[in-house]
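Trainee: This is the content of protein-v2.csv (CSV, C-alpha atoms):
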chain,number,residue,atom,x,y,z
A,1,MET,CA,-18.9,-7.8,16.7
A,2,PRO,CA,-16.3,-9.1,14.2
A,3,ASP,CA,-14.5,-12.3,15.1
A,4,GLY,CA,-11.3,-12.4,17.1
A,5,LEU,CA,-8.8,-13.1,14.3
A,6,PHE,CA,-10.1,-10.0,12.4
A,7,ILE,CA,-9.8,-7.8,15.5
A,8,PHE,CA,-6.3,-9.1,16.2
A,9,PHE,CA,-5.0,-8.5,12.6
A,10,ALA,CA,-6.7,-5.2,12.3
A,11,ALA,CA,-5.1,-4.0,15.5
A,12,LEU,CA,-1.7,-5.3,14.4
A,13,THR,CA,-2.1,-3.5,11.0
A,14,LEU,CA,-3.2,-0.2,12.5
A,15,GLY,CA,-0.5,-0.4,15.2
A,16,ALA,CA,2.2,-1.1,12.7
A,17,ALA,CA,1.0,1.7,10.4
A,18,SER,CA,1.1,4.1,13.4
A,19,LEU,CA,4.7,3.0,14.0
A,20,LEU,CA,5.4,3.8,10.3
A,21,VAL,CA,3.9,7.3,10.6
A,22,LEU,CA,5.2,8.2,14.1
A,23,SER,CA,8.7,6.7,14.3
A,24,ARG,CA,11.5,9.2,13.8
A,25,ASN,CA,13.9,6.5,12.6
A,26,ALA,CA,13.4,5.5,9.0
A,27,VAL,CA,14.5,1.9,9.5
A,28,THR,CA,11.9,1.5,12.3
A,29,SER,CA,9.3,3.0,9.9
A,30,ALA,CA,10.2,0.4,7.3
A,31,MET,CA,9.8,-2.4,9.9
A,32,GLY,CA,6.4,-1.0,10.8
A,33,MET,CA,5.5,-0.9,7.1
A,34,ILE,CA,6.5,-4.6,6.7
A,35,LEU,CA,4.3,-5.6,9.7
A,36,ALA,CA,1.4,-3.5,8.3
A,37,LEU,CA,1.7,-5.2,4.9
A,38,VAL,CA,1.7,-8.7,6.6
A,39,GLY,CA,-1.4,-7.7,8.6
A,40,VAL,CA,-3.1,-6.7,5.3
A,41,ALA,CA,-2.1,-10.0,3.8
A,42,ALA,CA,-3.6,-11.8,6.8
A,43,ASP,CA,-6.8,-9.8,6.2
A,44,PHE,CA,-6.7,-11.0,2.5
A,45,PHE,CA,-6.6,-14.6,3.9
A,46,LEU,CA,-9.6,-13.9,6.1
A,47,LEU,CA,-11.4,-12.7,3.0
A,48,ASP,CA,-10.6,-16.0,1.3
A,49,ALA,CA,-8.3,-14.3,-1.2
A,50,TYR,CA,-5.4,-16.7,-0.6
A,51,PHE,CA,-3.5,-16.0,-3.8
A,52,LEU,CA,-3.5,-12.3,-3.2
A,53,GLY,CA,-2.4,-12.8,0.4
A,54,VAL,CA,0.6,-14.8,-0.8
A,55,LEU,CA,1.3,-12.3,-3.5
A,56,GLN,CA,1.2,-9.4,-1.0
A,57,VAL,CA,3.7,-11.1,1.3
A,58,LEU,CA,6.0,-12.1,-1.6
A,59,VAL,CA,6.0,-8.9,-3.7
A,60,TYR,CA,5.2,-6.2,-1.2
A,61,ALA,CA,6.5,-7.3,2.2
A,62,GLY,CA,9.3,-9.2,0.5
A,63,ALA,CA,10.7,-7.6,-2.7
A,64,VAL,CA,9.5,-4.0,-2.4
A,65,MET,CA,10.4,-3.6,1.2
A,66,VAL,CA,13.9,-5.0,0.7
A,67,LEU,CA,14.3,-2.4,-2.0
A,68,PHE,CA,13.1,0.3,0.5
A,69,LEU,CA,15.5,-0.9,3.2
A,70,PHE,CA,18.4,-0.9,0.9
A,71,VAL,CA,17.8,2.7,-0.2
A,72,ILE,CA,17.1,3.8,3.4
A,73,MET,CA,20.3,2.3,4.7
A,74,LEU,CA,22.1,3.8,1.7
A,75,LEU,CA,20.8,7.4,2.0
A,76,THR,CA,19.6,8.2,5.5
A,77,ASP,CA,22.1,9.6,7.9
A,78,THR,CA,21.6,8.2,11.4
A,79,ALA,CA,22.4,11.5,13.2
A,80,GLU,CA,19.1,13.2,12.4
A,81,SER,CA,16.3,14.6,14.5
A,82,ALA,CA,18.6,17.4,15.8
A,83,GLU,CA,16.2,20.1,14.6
A,84,GLY,CA,13.0,21.0,16.5
A,85,TYR,CA,9.9,18.9,16.3
A,86,PRO,CA,7.6,20.1,13.4
A,87,TRP,CA,4.6,21.0,15.6
A,88,LYS,CA,2.8,22.9,12.8
A,89,SER,CA,2.7,20.0,10.4
A,90,ALA,CA,2.0,17.5,13.2
A,91,ALA,CA,-1.1,19.5,14.2
A,92,LEU,CA,-2.2,19.6,10.6
A,93,GLY,CA,-1.6,15.9,10.2
A,94,LEU,CA,-3.5,15.1,13.4
A,95,ALA,CA,-6.5,17.2,12.2
A,96,VAL,CA,-6.5,15.5,8.8
A,97,PHE,CA,-6.3,12.1,10.5
A,98,PHE,CA,-9.2,12.8,12.8
A,99,PHE,CA,-11.3,14.3,10.0
A,100,LEU,CA,-10.7,11.3,7.7
A,101,ALA,CA,-11.2,8.7,10.5
A,102,ALA,CA,-14.4,10.4,11.7
A,103,GLY,CA,-15.6,10.4,8.1
A,104,ALA,CA,-14.8,6.7,7.6
A,105,VAL,CA,-16.6,5.8,10.9
A,106,TRP,CA,-19.6,7.8,9.9
A,107,LEU,CA,-19.8,6.5,6.3
A,108,PHE,CA,-19.1,2.8,7.0
A,109,VAL,CA,-20.7,2.4,10.5
A,110,TRP,CA,-23.4,4.9,11.2
A,111,SER,CA,-24.8,6.2,7.9
A,112,GLY,CA,-26.2,2.8,7.0
A,113,ALA,CA,-24.8,3.1,3.4
A,114,VAL,CA,-22.9,-0.2,3.7
A,115,PRO,CA,-25.2,-3.2,4.1
A,116,GLY,CA,-24.5,-5.1,7.3
A,117,THR,CA,-24.7,-8.5,5.6
A,118,ALA,CA,-22.2,-11.2,6.5
A,119,ALA,CA,-19.9,-12.7,3.9
A,120,GLY,CA,-22.0,-15.8,3.7
A,121,ALA,CA,-20.8,-19.3,2.7
A,122,THR,CA,-17.1,-19.9,1.9
A,123,PRO,CA,-16.6,-19.4,-1.8
A,124,PRO,CA,-15.9,-22.5,-3.9
A,125,GLU,CA,-12.4,-23.4,-4.9
A,126,LEU,CA,-13.3,-23.4,-8.6
A,127,SER,CA,-16.5,-22.7,-10.5
A,128,VAL,CA,-17.8,-23.2,-14.0
A,129,ASN,CA,-18.6,-19.5,-14.2
A,130,PRO,CA,-15.2,-17.7,-14.5
A,131,SER,CA,-16.5,-14.4,-13.0
A,132,VAL,CA,-17.6,-15.9,-9.7
A,133,PHE,CA,-15.2,-15.3,-6.7
A,134,VAL,CA,-13.1,-18.5,-6.3
A,135,THR,CA,-10.2,-19.2,-3.9
A,136,ALA,CA,-7.9,-21.2,-6.3
A,137,ALA,CA,-5.1,-19.3,-8.2
A,138,LYS,CA,-6.5,-21.0,-11.3
A,139,GLY,CA,-9.4,-18.5,-11.2
A,140,PHE,CA,-7.0,-15.7,-11.7
A,141,GLY,CA,-5.2,-17.3,-14.6
A,142,ARG,CA,-8.5,-18.1,-16.4
A,143,LEU,CA,-9.6,-14.5,-16.3
A,144,LEU,CA,-6.1,-13.0,-16.9
A,145,TYR,CA,-5.8,-14.8,-20.2
A,146,THR,CA,-9.4,-14.2,-21.4
A,147,LYS,CA,-11.2,-11.1,-20.2
A,148,TYR,CA,-8.2,-9.2,-19.0
A,149,LEU,CA,-5.7,-10.2,-21.7
A,150,LEU,CA,-5.0,-6.7,-22.9
A,151,PRO,CA,-4.4,-5.2,-19.4
A,152,LEU,CA,-2.1,-8.1,-18.7
A,153,GLU,CA,0.0,-7.3,-21.8
A,154,ILE,CA,0.0,-3.6,-20.9
A,155,ALA,CA,1.2,-4.6,-17.3
A,156,GLY,CA,4.0,-6.6,-18.8
A,157,PHE,CA,5.0,-3.7,-21.1
A,158,LEU,CA,4.8,-1.4,-18.1
A,159,LEU,CA,7.3,-3.6,-16.2
A,160,LEU,CA,9.7,-3.4,-19.2
A,161,VAL,CA,9.4,0.3,-19.3
A,162,ALA,CA,10.1,0.5,-15.6
A,163,LEU,CA,13.1,-1.7,-16.0
A,164,VAL,CA,14.5,0.5,-18.8
A,165,GLY,CA,13.6,3.7,-16.8
A,166,VAL,CA,15.4,2.5,-13.7
A,167,VAL,CA,18.5,1.6,-15.7
A,168,SER,CA,18.6,5.0,-17.4
A,169,LEU,CA,17.9,6.9,-14.1
A,170,SER,CA,20.6,5.0,-12.2
A,171,LYS,CA,23.4,6.0,-14.7
A,172,ASP,CA,26.0,8.3,-13.2
A,173,PRO,CA,24.8,12.0,-13.8
A,174,VAL,CA,28.4,13.2,-14.0
A,175,ASP,CA,28.9,11.1,-17.1
A,176,GLU,CA,25.8,12.5,-18.8
A,177,ASN,CA,26.8,16.1,-18.3
A,178,ALA,CA,30.3,15.6,-19.5
B,1,MET,CA,-15.9,-15.0,9.5
B,2,GLU,CA,-19.6,-15.1,10.1
B,3,ASN,CA,-19.8,-11.9,12.2
B,4,THR,CA,-17.3,-9.7,10.2
B,5,THR,CA,-19.2,-7.6,7.8
B,6,LEU,CA,-18.2,-5.5,4.8
B,7,ALA,CA,-18.3,-2.4,7.0
B,8,HIS,CA,-15.5,-3.7,9.3
B,9,HIS,CA,-13.1,-4.3,6.4
B,10,LEU,CA,-14.0,-0.9,4.9
B,11,LEU,CA,-13.4,0.8,8.2
B,12,LEU,CA,-10.0,-0.8,8.5
B,13,ALA,CA,-9.2,0.3,5.0
B,14,GLY,CA,-10.4,3.8,5.7
B,15,LEU,CA,-8.3,4.1,8.8
B,16,LEU,CA,-5.2,2.8,7.1
B,17,PHE,CA,-5.7,5.3,4.3
B,18,ALA,CA,-6.1,8.1,6.9
B,19,LEU,CA,-2.9,7.0,8.6
B,20,GLY,CA,-1.1,7.0,5.2
B,21,LEU,CA,-2.3,10.5,4.3
B,22,THR,CA,-1.3,11.8,7.7
B,23,GLY,CA,2.2,10.4,7.2
B,24,VAL,CA,2.5,12.0,3.7
B,25,LEU,CA,1.5,15.4,5.2
B,26,VAL,CA,3.6,15.2,8.4
B,27,ARG,CA,6.9,13.4,7.5
B,28,ARG,CA,9.9,15.2,6.1
B,29,ASN,CA,12.0,12.2,5.0
B,30,LEU,CA,11.1,11.5,1.3
B,31,LEU,CA,11.5,7.7,1.8
B,32,VAL,CA,9.1,7.6,4.7
B,33,VAL,CA,6.6,9.8,2.7
B,34,TYR,CA,6.9,7.3,-0.2
B,35,MET,CA,6.2,4.3,2.2
B,36,CYS,CA,3.1,6.2,3.4
B,37,LEU,CA,2.0,6.5,-0.2
B,38,GLU,CA,2.3,2.8,-0.6
B,39,LEU,CA,0.3,2.3,2.6
B,40,MET,CA,-2.6,4.4,1.0
B,41,LEU,CA,-2.4,2.2,-2.1
B,42,THR,CA,-2.5,-1.0,0.1
B,43,ALA,CA,-5.6,0.4,1.9
B,44,ALA,CA,-7.3,0.8,-1.4
B,45,THR,CA,-6.5,-2.8,-2.4
B,46,LEU,CA,-7.9,-4.0,0.9
B,47,ALA,CA,-11.2,-2.2,0.2
B,48,LEU,CA,-11.3,-3.7,-3.4
B,49,VAL,CA,-10.7,-7.3,-2.1
B,50,ALA,CA,-13.4,-6.8,0.5
B,51,PHE,CA,-15.9,-5.6,-2.1
B,52,SER,CA,-14.9,-8.4,-4.4
B,53,ARG,CA,-15.4,-11.1,-1.7
B,54,PHE,CA,-18.8,-9.8,-0.5
B,55,ASN,CA,-20.2,-9.3,-4.0
B,56,ARG,CA,-18.9,-12.7,-5.1
B,57,THR,CA,-17.2,-11.5,-8.2
B,58,MET,CA,-13.6,-11.9,-9.3
B,59,ASP,CA,-13.1,-8.5,-10.9
B,60,GLY,CA,-11.9,-6.7,-7.8
B,61,ALA,CA,-9.4,-9.4,-7.0
B,62,ILE,CA,-8.0,-9.1,-10.6
B,63,PHE,CA,-7.8,-5.4,-10.2
B,64,VAL,CA,-5.7,-5.8,-7.0
B,65,PHE,CA,-3.4,-8.2,-9.0
B,66,PHE,CA,-2.7,-5.4,-11.4
B,67,ILE,CA,-2.4,-2.8,-8.7
B,68,ILE,CA,0.4,-4.9,-7.0
B,69,THR,CA,2.2,-5.2,-10.4
B,70,VAL,CA,2.0,-1.5,-11.1
B,71,ALA,CA,3.0,-0.7,-7.5
B,72,ALA,CA,6.2,-2.9,-7.8
B,73,ALA,CA,7.2,-1.1,-11.0
B,74,GLU,CA,6.3,2.3,-9.5
B,75,VAL,CA,8.4,1.7,-6.3
B,76,ALA,CA,11.5,0.7,-8.5
B,77,VAL,CA,11.2,3.9,-10.6
B,78,GLY,CA,10.5,6.1,-7.6
B,79,LEU,CA,13.4,4.8,-5.5
B,80,ALA,CA,15.7,5.3,-8.5
B,81,LEU,CA,14.5,8.9,-8.7
B,82,ILE,CA,15.1,9.5,-5.0
B,83,VAL,CA,18.6,8.0,-5.3
B,84,ALA,CA,19.3,10.3,-8.3
B,85,LEU,CA,18.0,13.3,-6.4
B,86,TYR,CA,20.2,12.4,-3.5
B,87,ARG,CA,23.3,12.2,-5.7
B,88,ARG,CA,22.6,15.6,-7.2
B,89,ARG,CA,21.4,17.4,-4.1
B,90,GLY,CA,22.8,15.4,-1.1
B,91,SER,CA,19.5,15.3,0.8
B,92,VAL,CA,16.2,13.3,1.0
B,93,LYS,CA,14.5,15.8,3.3
B,94,SER,CA,11.5,17.5,1.7
B,95,ASP,CA,12.1,20.7,3.6
B,96,GLU,CA,15.6,21.1,2.2
B,97,LEU,CA,14.5,20.5,-1.5
B,98,VAL,CA,12.9,23.9,-2.0
B,99,THR,CA,14.8,25.3,-5.0
B,100,LEU,CA,11.6,25.9,-7.0
B,101,ARG,CA,10.0,27.8,-4.0
B,102,ASP,CA,12.9,30.1,-3.2
Could I get this structure in the form of structure tokens?

Mentor:
Amino acid sequence: MPDGLFIFFAALTLGAASLLVLSRNAVTSAMGMILALVGVAADFFLLDAYFLGVLQVLVYAGAVMVLFLFVIMLLTDTAESAEGYPWKSAALGLAVFFFLAAGAVWLFVWSGAVPGTAAGATPPELSVNPSVFVTAAKGFGRLLYTKYLLPLEIAGFLLLVALVGVVSLSKDPVDENA
Amino acid sequence: MENTTLAHHLLLAGLLFALGLTGVLVRRNLLVVYMCLELMLTAATLALVAFSRFNRTMDGAIFVFFIITVAAAEVAVGLALIVALYRRRGSVKSDELVTLRD
């Protein structure tokens, strides 16, 4: 049996994700998404990845979801759900969910492909070997500026490209066609 | 954390991914579909962090760092596309955007 904190946050995450999928109101879906992301961040903390947990809350649950909420409130009309319930796609989705969930349970629990070893001792805060799992954010910086320097540069360039792309996409289409 | 094994974290990630894919298939609002896509991405990062922690290497965690960066850029561009689509077509429902099919 896993420990109580993991069960609590796993249940919170799955419940919030179900709210995201099932709610007919887009704003409620966004709230479920935020809760699910916070639950995943808590699981990062349980996995001793503190820096990634903080990053998840700041970037995902904070910035990205604020962007989503802005666009949802800008675009979604509140008087929806007048048409009939999409039973056909709901049945398809339920079938896909049970297929995937059964596959995950079989693969990770019953097949014995994943070793049942515990995580072991708490990882060190810092280590001489840069590729060993450490909890301090310094471990990230050390690898990002040595082994992963080129991917870091590409990620920075990608952010610039995204910035320019968003600006050009957000221009008024009427002006472009004139 | 003594009794929580790798399989528990992977199971949580797998169920989250299944929920996300279900949402992508079932929902009609493009914004909710996009959020479900992000949920699938997050499930994958959870599996990566779990593998990284249990194998005691830093590489998976660094990979997740890059995934978060790319996801932030991707969300900005995707939402700009959805807003542009709405301004041109007046709808964000996937069953009303069927010009190519009809």

Trainee: Record the distance separating atom CA of B:Met35 and atom CA of B:Thr22, expressed in Å with one decimal.

Mentor: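 Result for atom CA of B:Met35 versus atom CA of B:Thr22: 11.9 Å, one decimal.
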
Trainee: Any idea which chain B residues end up within 6 Å of chain A if we count all atoms listed in the file, as a PyMOL selection string please?

Mentor: chain B and resi 2-5+7+14-15+18+22-23+25-26+54+56-58+73+77+80

Trainee: Could you please determine the separation between atom CA of B:Ala43 and atom CA of A:Tyr145 in Å, to one decimal place?

Mentor: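 One can read the atom CA of B:Ala43 to atom CA of A:Tyr145 distance as 26.8 Å.
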
Trainee: Determine the nearest neighbour of A:Leu35 from the options B:Ser94, B:Leu39, B:Leu100, B:Arg27, counting all atoms listed in the file.

Mentor: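 Using all atoms listed in the file, the shortest distance to A:Leu35 belongs to B:Leu39.
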
Trainee: Report, in Å to a single decimal, how far apart atom CA of A:Phe45 and atom CA of A:Val66 are.

Mentor: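 Distance between the two atoms: 22.9 Å.
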
Trainee: Go through A:Met31, A:Val128, A:Ala61, A:Leu12 one by one, measure the shortest atom-to-atom distance of each to B:Thr42 using all atoms listed in the file, and give the residue with the smallest value.

Mentor: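 Of all the options, A:Ala61 lies closest to B:Thr42.
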
Trainee: Write stretch 28-39 of chain B as an mmCIF file, keeping the file's coordinate frame, completed to all heavy atoms.

Mentor:
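Output contents, as saved in out_21.cif:
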data_model
loop_
_atom_site.group_PDB
_atom_site.id
_atom_site.type_symbol
_atom_site.label_atom_id
_atom_site.label_comp_id
_atom_site.auth_asym_id
_atom_site.auth_seq_id
_atom_site.Cartn_x
_atom_site.Cartn_y
_atom_site.Cartn_z
ATOM 1 N N ARG B 28 8.987 14.355 6.895
ATOM 2 C CA ARG B 28 9.900 15.200 6.100
ATOM 3 C C ARG B 28 10.840 14.308 5.268
ATOM 4 O O ARG B 28 11.408 14.771 4.290
ATOM 5 C CB ARG B 28 10.667 16.120 6.971
ATOM 6 C CG ARG B 28 9.827 17.235 7.527
ATOM 7 C CD ARG B 28 9.501 18.241 6.447
ATOM 8 N NE ARG B 28 8.526 19.225 6.875
ATOM 9 C CZ ARG B 28 7.229 19.107 6.660
ATOM 10 N NH1 ARG B 28 6.752 18.066 6.017
ATOM 11 N NH2 ARG B 28 6.393 20.034 7.067
ATOM 12 N N ASN B 29 11.068 13.066 5.686
ATOM 13 C CA ASN B 29 12.000 12.200 5.000
ATOM 14 C C ASN B 29 11.236 11.625 3.738
ATOM 15 O O ASN B 29 10.185 10.998 3.868
ATOM 16 C CB ASN B 29 12.392 11.035 5.898
ATOM 17 C CG ASN B 29 13.475 10.178 5.300
ATOM 18 O OD1 ASN B 29 13.598 10.092 4.090
ATOM 19 N ND2 ASN B 29 14.267 9.555 6.156
ATOM 20 N N LEU B 30 11.779 11.878 2.543
ATOM 21 C CA LEU B 30 11.100 11.500 1.300
ATOM 22 C C LEU B 30 10.821 9.991 1.263
ATOM 23 O O LEU B 30 9.803 9.558 0.733
ATOM 24 C CB LEU B 30 11.931 11.884 0.104
ATOM 25 C CG LEU B 30 11.753 13.297 -0.445
ATOM 26 C CD1 LEU B 30 12.523 13.429 -1.744
ATOM 27 C CD2 LEU B 30 10.296 13.591 -0.698
ATOM 28 N N LEU B 31 11.741 9.175 1.826
ATOM 29 C CA LEU B 31 11.500 7.700 1.800
ATOM 30 C C LEU B 31 10.357 7.306 2.624
ATOM 31 O O LEU B 31 9.555 6.448 2.222
ATOM 32 C CB LEU B 31 12.815 7.019 2.250
ATOM 33 C CG LEU B 31 13.969 7.121 1.270
ATOM 34 C CD1 LEU B 31 15.285 6.902 1.972
ATOM 35 C CD2 LEU B 31 13.795 6.123 0.164
ATOM 36 N N VAL B 32 10.203 7.931 3.806
ATOM 37 C CA VAL B 32 9.100 7.600 4.700
ATOM 38 C C VAL B 32 7.764 8.092 4.017
ATOM 39 O O VAL B 32 6.734 7.410 4.064
ATOM 40 C CB VAL B 32 9.258 8.196 6.067
ATOM 41 C CG1 VAL B 32 8.084 7.872 6.948
ATOM 42 C CG2 VAL B 32 10.525 7.649 6.684
ATOM 43 N N VAL B 33 7.819 9.280 3.373
ATOM 44 C CA VAL B 33 6.600 9.800 2.700
ATOM 45 C C VAL B 33 6.230 8.773 1.577
ATOM 46 O O VAL B 33 5.041 8.468 1.407
ATOM 47 C CB VAL B 33 6.954 11.154 2.034
ATOM 48 C CG1 VAL B 33 5.877 11.557 1.043
ATOM 49 C CG2 VAL B 33 7.080 12.201 3.115
ATOM 50 N N TYR B 34 7.225 8.221 0.877
ATOM 51 C CA TYR B 34 6.900 7.300 -0.200
ATOM 52 C C TYR B 34 6.323 5.972 0.394
ATOM 53 O O TYR B 34 5.390 5.413 -0.183
ATOM 54 C CB TYR B 34 8.243 6.947 -0.907
ATOM 55 C CG TYR B 34 8.048 6.476 -2.307
ATOM 56 C CD1 TYR B 34 7.072 7.017 -3.112
ATOM 57 C CD2 TYR B 34 8.847 5.489 -2.832
ATOM 58 C CE1 TYR B 34 6.884 6.580 -4.392
ATOM 59 C CE2 TYR B 34 8.681 5.042 -4.122
ATOM 60 C CZ TYR B 34 7.690 5.597 -4.888
ATOM 61 O OH TYR B 34 7.516 5.152 -6.154
ATOM 62 N N MET B 35 6.810 5.536 1.566
ATOM 63 C CA MET B 35 6.200 4.300 2.200
ATOM 64 C C MET B 35 4.772 4.615 2.599
ATOM 65 O O MET B 35 3.904 3.749 2.466
ATOM 66 C CB MET B 35 7.039 3.927 3.413
ATOM 67 C CG MET B 35 8.277 3.145 3.065
ATOM 68 S SD MET B 35 8.965 2.296 4.462
ATOM 69 C CE MET B 35 9.780 3.630 5.281
ATOM 70 N N CYS B 36 4.491 5.836 3.070
ATOM 71 C CA CYS B 36 3.100 6.200 3.400
ATOM 72 C C CYS B 36 2.207 6.183 2.215
ATOM 73 O O CYS B 36 1.039 5.770 2.290
ATOM 74 C CB CYS B 36 3.068 7.512 4.163
ATOM 75 S SG CYS B 36 3.843 7.476 5.779
ATOM 76 N N LEU B 37 2.751 6.622 1.062
ATOM 77 C CA LEU B 37 2.000 6.500 -0.200
ATOM 78 C C LEU B 37 1.620 5.102 -0.501
ATOM 79 O O LEU B 37 0.493 4.784 -0.888
ATOM 80 C CB LEU B 37 2.803 7.129 -1.329
ATOM 81 C CG LEU B 37 2.749 8.632 -1.552
ATOM 82 C CD1 LEU B 37 3.738 9.019 -2.628
ATOM 83 C CD2 LEU B 37 1.368 9.027 -1.982
ATOM 84 N N GLU B 38 2.596 4.204 -0.330
ATOM 85 C CA GLU B 38 2.300 2.800 -0.600
ATOM 86 C C GLU B 38 1.290 2.257 0.373
ATOM 87 O O GLU B 38 0.471 1.401 0.021
ATOM 88 C CB GLU B 38 3.634 1.990 -0.415
ATOM 89 C CG GLU B 38 4.674 2.296 -1.447
ATOM 90 C CD GLU B 38 4.178 1.998 -2.835
ATOM 91 O OE1 GLU B 38 3.618 0.919 -3.040
ATOM 92 O OE2 GLU B 38 4.329 2.864 -3.700
ATOM 93 N N LEU B 39 1.291 2.762 1.617
ATOM 94 C CA LEU B 39 0.300 2.300 2.600
ATOM 95 C C LEU B 39 -1.118 2.732 2.126
ATOM 96 O O LEU B 39 -2.074 1.953 2.255
ATOM 97 C CB LEU B 39 0.592 2.937 3.952
ATOM 98 C CG LEU B 39 -0.224 2.396 5.110
ATOM 99 C CD1 LEU B 39 0.178 0.967 5.403
ATOM 100 C CD2 LEU B 39 -0.050 3.238 6.347
#
